[in-house]
Amino acid sequence: MTTINPAQLRDGQLTYLVAEDLKMAASLLYQAYYDDALLMAIFQADKPDYEKRLRAAIREELMAFWEAKQPMLGVFDGDSLIGVVCLTQPGKSFGPGKYWHWRLKMLLTAGYVSTMQLLEKERLIQEAVHGDDYHMLAFIAVSPRYQQQGWGDLLVRAAQSAIDDEPQSRGIAVYVTQPQYLSLFEQHGYELVQELSVGDISGKLMFQSRSQLDEVSRAI
């Protein structure tokens, strides 16, 4: 498999995010997911302070990723973060059994209904993919100024390379609710598992197995 080295220089290259980068990552993800239909439903965009709840939830998710040492990769242009991708590793606090301190913080920042809907989404994904022995691509975003320049492709390939160090992972799952991301993952060999509805919002649960990853890498 072709491996992308995330220890490369920051400018125009991939690197693991550090604690000082989380604020920029949160801002970038907020821009990317502000009008995501699923998050608008979960965090009740029709009610006051939607922006506040969404920002708080993204901050808590990134902090949980950091504390659990989950893979977070970014691309920089100088000091500016222009793209980010976040994954959860197999069996690492993903799904309805999510660690208690995440639940508590999310309850305080996003509210009970939103927290329960987030957990329900993860439960449905686990049931559809059968288990937790896979990576989950939780977030991917490219700054609007840098879109249509190949950075999304780079981030998807970076996510694919992450399973090299996880022999127990059988692939990568992603739940797609934004149409512009669907073709991106299809181009990289992700296949539809099933249409999955969370509340009133429908999305596509896609998966790329380890064997499919090997085939895509050989093709590249």
# chains A, B, ... in the order shown; residues from 1 in each chain; ligands from 1
>>> select_by_dssp(residues="region 3-183 of chain A", states="alpha helix (DSSP H)", output="VMD selection string")
chain A and resid 22 to 33 37 to 42 50 to 67 100 to 110 112 to 129 151 to 161 179 to 183
>>> residues_around(residues="Leu184 (chain A)", least_positions_apart="2", cutoff="9 Å", atoms="only C-alpha atoms", output="PyMOL selection string")
chain A and resi 152-153+156+180-182+186-188
>>> residues_around(residues="region 129-146 of chain A", least_positions_apart="2", cutoff="9 Å", atoms="only C-alpha atoms", output="PyMOL selection string")
chain A and resi 28-29+31-33+75+81-92+94-95+124-127+148-152+155-156+159+162-163+168-175+193+205+207+209
>>> atom_distance(atom1="CA of Ser183 (chain A)", atom2="CA of Leu73 (chain A)")
21.3 Å
>>> closest_residue(among="A:Gln212, A:Gly203, A:Lys23, A:Thr177", to="Glu191 (chain A)", atoms="only C-alpha atoms")
A:Gln212
>>> decode(residues="region 172-218 of chain A", atoms="N, CA and C atoms", output="PDB file, in the first residue's frame")
ATOM      1  N   ILE A 172     -12.223   1.148   6.486  1.00  0.00           N
ATOM      2  CA  ILE A 172     -12.640   2.474   6.930  1.00  0.00           C
ATOM      3  C   ILE A 172     -14.099   2.701   6.545  1.00  0.00           C
ATOM      4  N   ALA A 173     -14.881   3.170   7.498  1.00  0.00           N
ATOM      5  CA  ALA A 173     -16.274   3.525   7.258  1.00  0.00           C
ATOM      6  C   ALA A 173     -16.418   5.045   7.288  1.00  0.00           C
ATOM      7  N   VAL A 174     -17.400   5.546   6.547  1.00  0.00           N
ATOM      8  CA  VAL A 174     -17.714   6.974   6.579  1.00  0.00           C
ATOM      9  C   VAL A 174     -19.204   7.131   6.312  1.00  0.00           C
ATOM     10  N   TYR A 175     -19.824   8.043   7.051  1.00  0.00           N
ATOM     11  CA  TYR A 175     -21.243   8.328   6.866  1.00  0.00           C
ATOM     12  C   TYR A 175     -21.359   9.660   6.147  1.00  0.00           C
ATOM     13  N   VAL A 176     -21.884   9.640   4.927  1.00  0.00           N
ATOM     14  CA  VAL A 176     -21.888  10.813   4.060  1.00  0.00           C
ATOM     15  C   VAL A 176     -23.297  11.396   3.964  1.00  0.00           C
ATOM     16  N   THR A 177     -23.431  12.653   4.356  1.00  0.00           N
ATOM     17  CA  THR A 177     -24.719  13.338   4.234  1.00  0.00           C
ATOM     18  C   THR A 177     -24.624  14.546   3.311  1.00  0.00           C
ATOM     19  N   GLN A 178     -23.421  14.923   2.904  1.00  0.00           N
ATOM     20  CA  GLN A 178     -23.243  16.053   2.002  1.00  0.00           C
ATOM     21  C   GLN A 178     -22.903  15.537   0.606  1.00  0.00           C
ATOM     22  N   PRO A 179     -23.722  15.868  -0.399  1.00  0.00           N
ATOM     23  CA  PRO A 179     -23.543  15.319  -1.748  1.00  0.00           C
ATOM     24  C   PRO A 179     -22.153  15.538  -2.328  1.00  0.00           C
ATOM     25  N   GLN A 180     -21.511  16.666  -2.019  1.00  0.00           N
ATOM     26  CA  GLN A 180     -20.210  16.960  -2.616  1.00  0.00           C
ATOM     27  C   GLN A 180     -19.124  15.994  -2.154  1.00  0.00           C
ATOM     28  N   TYR A 181     -19.364  15.300  -1.034  1.00  0.00           N
ATOM     29  CA  TYR A 181     -18.379  14.336  -0.553  1.00  0.00           C
ATOM     30  C   TYR A 181     -18.592  12.941  -1.142  1.00  0.00           C
ATOM     31  N   LEU A 182     -19.782  12.681  -1.659  1.00  0.00           N
ATOM     32  CA  LEU A 182     -20.102  11.339  -2.136  1.00  0.00           C
ATOM     33  C   LEU A 182     -19.182  10.913  -3.281  1.00  0.00           C
ATOM     34  N   SER A 183     -19.044  11.768  -4.282  1.00  0.00           N
ATOM     35  CA  SER A 183     -18.187  11.406  -5.421  1.00  0.00           C
ATOM     36  C   SER A 183     -16.730  11.286  -5.002  1.00  0.00           C
ATOM     37  N   LEU A 184     -16.300  12.072  -4.030  1.00  0.00           N
ATOM     38  CA  LEU A 184     -14.921  11.998  -3.550  1.00  0.00           C
ATOM     39  C   LEU A 184     -14.615  10.613  -3.012  1.00  0.00           C
ATOM     40  N   PHE A 185     -15.500  10.086  -2.177  1.00  0.00           N
ATOM     41  CA  PHE A 185     -15.246   8.761  -1.601  1.00  0.00           C
ATOM     42  C   PHE A 185     -15.449   7.657  -2.630  1.00  0.00           C
ATOM     43  N   GLU A 186     -16.390   7.824  -3.530  1.00  0.00           N
ATOM     44  CA  GLU A 186     -16.578   6.832  -4.585  1.00  0.00           C
ATOM     45  C   GLU A 186     -15.336   6.726  -5.458  1.00  0.00           C
ATOM     46  N   GLN A 187     -14.711   7.858  -5.758  1.00  0.00           N
ATOM     47  CA  GLN A 187     -13.507   7.860  -6.575  1.00  0.00           C
ATOM     48  C   GLN A 187     -12.368   7.106  -5.905  1.00  0.00           C
ATOM     49  N   HIS A 188     -12.413   7.032  -4.586  1.00  0.00           N
ATOM     50  CA  HIS A 188     -11.343   6.355  -3.848  1.00  0.00           C
ATOM     51  C   HIS A 188     -11.734   4.925  -3.456  1.00  0.00           C
ATOM     52  N   GLY A 189     -12.779   4.393  -4.077  1.00  0.00           N
ATOM     53  CA  GLY A 189     -13.105   2.990  -3.910  1.00  0.00           C
ATOM     54  C   GLY A 189     -14.029   2.642  -2.770  1.00  0.00           C
ATOM     55  N   TYR A 190     -14.628   3.639  -2.131  1.00  0.00           N
ATOM     56  CA  TYR A 190     -15.598   3.350  -1.075  1.00  0.00           C
ATOM     57  C   TYR A 190     -16.888   2.838  -1.709  1.00  0.00           C
ATOM     58  N   GLU A 191     -17.490   1.850  -1.086  1.00  0.00           N
ATOM     59  CA  GLU A 191     -18.717   1.260  -1.602  1.00  0.00           C
ATOM     60  C   GLU A 191     -19.864   1.467  -0.610  1.00  0.00           C
ATOM     61  N   LEU A 192     -21.065   1.573  -1.158  1.00  0.00           N
ATOM     62  CA  LEU A 192     -22.250   1.795  -0.332  1.00  0.00           C
ATOM     63  C   LEU A 192     -22.562   0.556   0.502  1.00  0.00           C
ATOM     64  N   VAL A 193     -22.708   0.750   1.807  1.00  0.00           N
ATOM     65  CA  VAL A 193     -23.182  -0.315   2.693  1.00  0.00           C
ATOM     66  C   VAL A 193     -24.700  -0.291   2.728  1.00  0.00           C
ATOM     67  N   GLN A 194     -25.256   0.873   3.020  1.00  0.00           N
ATOM     68  CA  GLN A 194     -26.701   1.045   2.994  1.00  0.00           C
ATOM     69  C   GLN A 194     -27.064   2.501   3.201  1.00  0.00           C
ATOM     70  N   GLU A 195     -28.259   2.840   2.779  1.00  0.00           N
ATOM     71  CA  GLU A 195     -28.833   4.142   3.125  1.00  0.00           C
ATOM     72  C   GLU A 195     -29.189   4.080   4.605  1.00  0.00           C
ATOM     73  N   LEU A 196     -28.789   5.091   5.331  1.00  0.00           N
ATOM     74  CA  LEU A 196     -28.992   5.062   6.780  1.00  0.00           C
ATOM     75  C   LEU A 196     -29.641   6.365   7.214  1.00  0.00           C
ATOM     76  N   SER A 197     -30.784   6.252   7.888  1.00  0.00           N
ATOM     77  CA  SER A 197     -31.498   7.442   8.344  1.00  0.00           C
ATOM     78  C   SER A 197     -31.288   7.648   9.831  1.00  0.00           C
ATOM     79  N   VAL A 198     -30.922   8.864  10.175  1.00  0.00           N
ATOM     80  CA  VAL A 198     -30.810   9.270  11.575  1.00  0.00           C
ATOM     81  C   VAL A 198     -31.870  10.338  11.786  1.00  0.00           C
ATOM     82  N   GLY A 199     -32.916   9.978  12.508  1.00  0.00           N
ATOM     83  CA  GLY A 199     -34.062  10.872  12.597  1.00  0.00           C
ATOM     84  C   GLY A 199     -34.690  11.007  11.223  1.00  0.00           C
ATOM     85  N   ASP A 200     -34.854  12.247  10.775  1.00  0.00           N
ATOM     86  CA  ASP A 200     -35.463  12.502   9.471  1.00  0.00           C
ATOM     87  C   ASP A 200     -34.429  12.683   8.369  1.00  0.00           C
ATOM     88  N   ILE A 201     -33.152  12.547   8.703  1.00  0.00           N
ATOM     89  CA  ILE A 201     -32.085  12.804   7.740  1.00  0.00           C
ATOM     90  C   ILE A 201     -31.511  11.487   7.215  1.00  0.00           C
ATOM     91  N   SER A 202     -31.422  11.401   5.904  1.00  0.00           N
ATOM     92  CA  SER A 202     -30.890  10.201   5.269  1.00  0.00           C
ATOM     93  C   SER A 202     -29.484  10.468   4.752  1.00  0.00           C
ATOM     94  N   GLY A 203     -28.609   9.490   4.910  1.00  0.00           N
ATOM     95  CA  GLY A 203     -27.244   9.591   4.407  1.00  0.00           C
ATOM     96  C   GLY A 203     -26.799   8.242   3.879  1.00  0.00           C
ATOM     97  N   LYS A 204     -25.598   8.205   3.364  1.00  0.00           N
ATOM     98  CA  LYS A 204     -25.055   6.973   2.802  1.00  0.00           C
ATOM     99  C   LYS A 204     -23.877   6.509   3.660  1.00  0.00           C
ATOM    100  N   LEU A 205     -24.013   5.311   4.198  1.00  0.00           N
ATOM    101  CA  LEU A 205     -22.926   4.697   4.945  1.00  0.00           C
ATOM    102  C   LEU A 205     -22.054   3.948   3.949  1.00  0.00           C
ATOM    103  N   MET A 206     -20.787   4.344   3.855  1.00  0.00           N
ATOM    104  CA  MET A 206     -19.878   3.765   2.880  1.00  0.00           C
ATOM    105  C   MET A 206     -18.705   3.106   3.598  1.00  0.00           C
ATOM    106  N   PHE A 207     -18.112   2.124   2.911  1.00  0.00           N
ATOM    107  CA  PHE A 207     -17.040   1.365   3.539  1.00  0.00           C
ATOM    108  C   PHE A 207     -16.007   0.973   2.489  1.00  0.00           C
ATOM    109  N   GLN A 208     -14.758   0.996   2.911  1.00  0.00           N
ATOM    110  CA  GLN A 208     -13.673   0.503   2.078  1.00  0.00           C
ATOM    111  C   GLN A 208     -12.881  -0.517   2.888  1.00  0.00           C
ATOM    112  N   SER A 209     -12.878  -1.765   2.415  1.00  0.00           N
ATOM    113  CA  SER A 209     -12.203  -2.830   3.135  1.00  0.00           C
ATOM    114  C   SER A 209     -10.690  -2.751   2.924  1.00  0.00           C
ATOM    115  N   ARG A 210      -9.976  -3.459   3.743  1.00  0.00           N
ATOM    116  CA  ARG A 210      -8.516  -3.489   3.617  1.00  0.00           C
ATOM    117  C   ARG A 210      -8.100  -4.019   2.239  1.00  0.00           C
ATOM    118  N   SER A 211      -8.778  -5.042   1.743  1.00  0.00           N
ATOM    119  CA  SER A 211      -8.434  -5.591   0.430  1.00  0.00           C
ATOM    120  C   SER A 211      -8.716  -4.574  -0.672  1.00  0.00           C
ATOM    121  N   GLN A 212      -9.799  -3.795  -0.529  1.00  0.00           N
ATOM    122  CA  GLN A 212     -10.093  -2.753  -1.506  1.00  0.00           C
ATOM    123  C   GLN A 212      -9.040  -1.652  -1.468  1.00  0.00           C
ATOM    124  N   LEU A 213      -8.561  -1.338  -0.277  1.00  0.00           N
ATOM    125  CA  LEU A 213      -7.502  -0.340  -0.138  1.00  0.00           C
ATOM    126  C   LEU A 213      -6.248  -0.765  -0.886  1.00  0.00           C
ATOM    127  N   ASP A 214      -5.908  -2.040  -0.756  1.00  0.00           N
ATOM    128  CA  ASP A 214      -4.730  -2.569  -1.455  1.00  0.00           C
ATOM    129  C   ASP A 214      -4.900  -2.459  -2.970  1.00  0.00           C
ATOM    130  N   GLU A 215      -6.093  -2.759  -3.454  1.00  0.00           N
ATOM    131  CA  GLU A 215      -6.358  -2.679  -4.889  1.00  0.00           C
ATOM    132  C   GLU A 215      -6.253  -1.248  -5.394  1.00  0.00           C
ATOM    133  N   VAL A 216      -6.814  -0.300  -4.632  1.00  0.00           N
ATOM    134  CA  VAL A 216      -6.756   1.103  -5.030  1.00  0.00           C
ATOM    135  C   VAL A 216      -5.321   1.598  -5.046  1.00  0.00           C
ATOM    136  N   SER A 217      -4.532   1.181  -4.040  1.00  0.00           N
ATOM    137  CA  SER A 217      -3.139   1.628  -3.968  1.00  0.00           C
ATOM    138  C   SER A 217      -2.344   1.095  -5.136  1.00  0.00           C
ATOM    139  N   ARG A 218      -2.595  -0.165  -5.533  1.00  0.00           N
ATOM    140  CA  ARG A 218      -1.875  -0.730  -6.681  1.00  0.00           C
ATOM    141  C   ARG A 218      -2.257  -0.012  -7.974  1.00  0.00           C
TER     142      ARG A 218
END
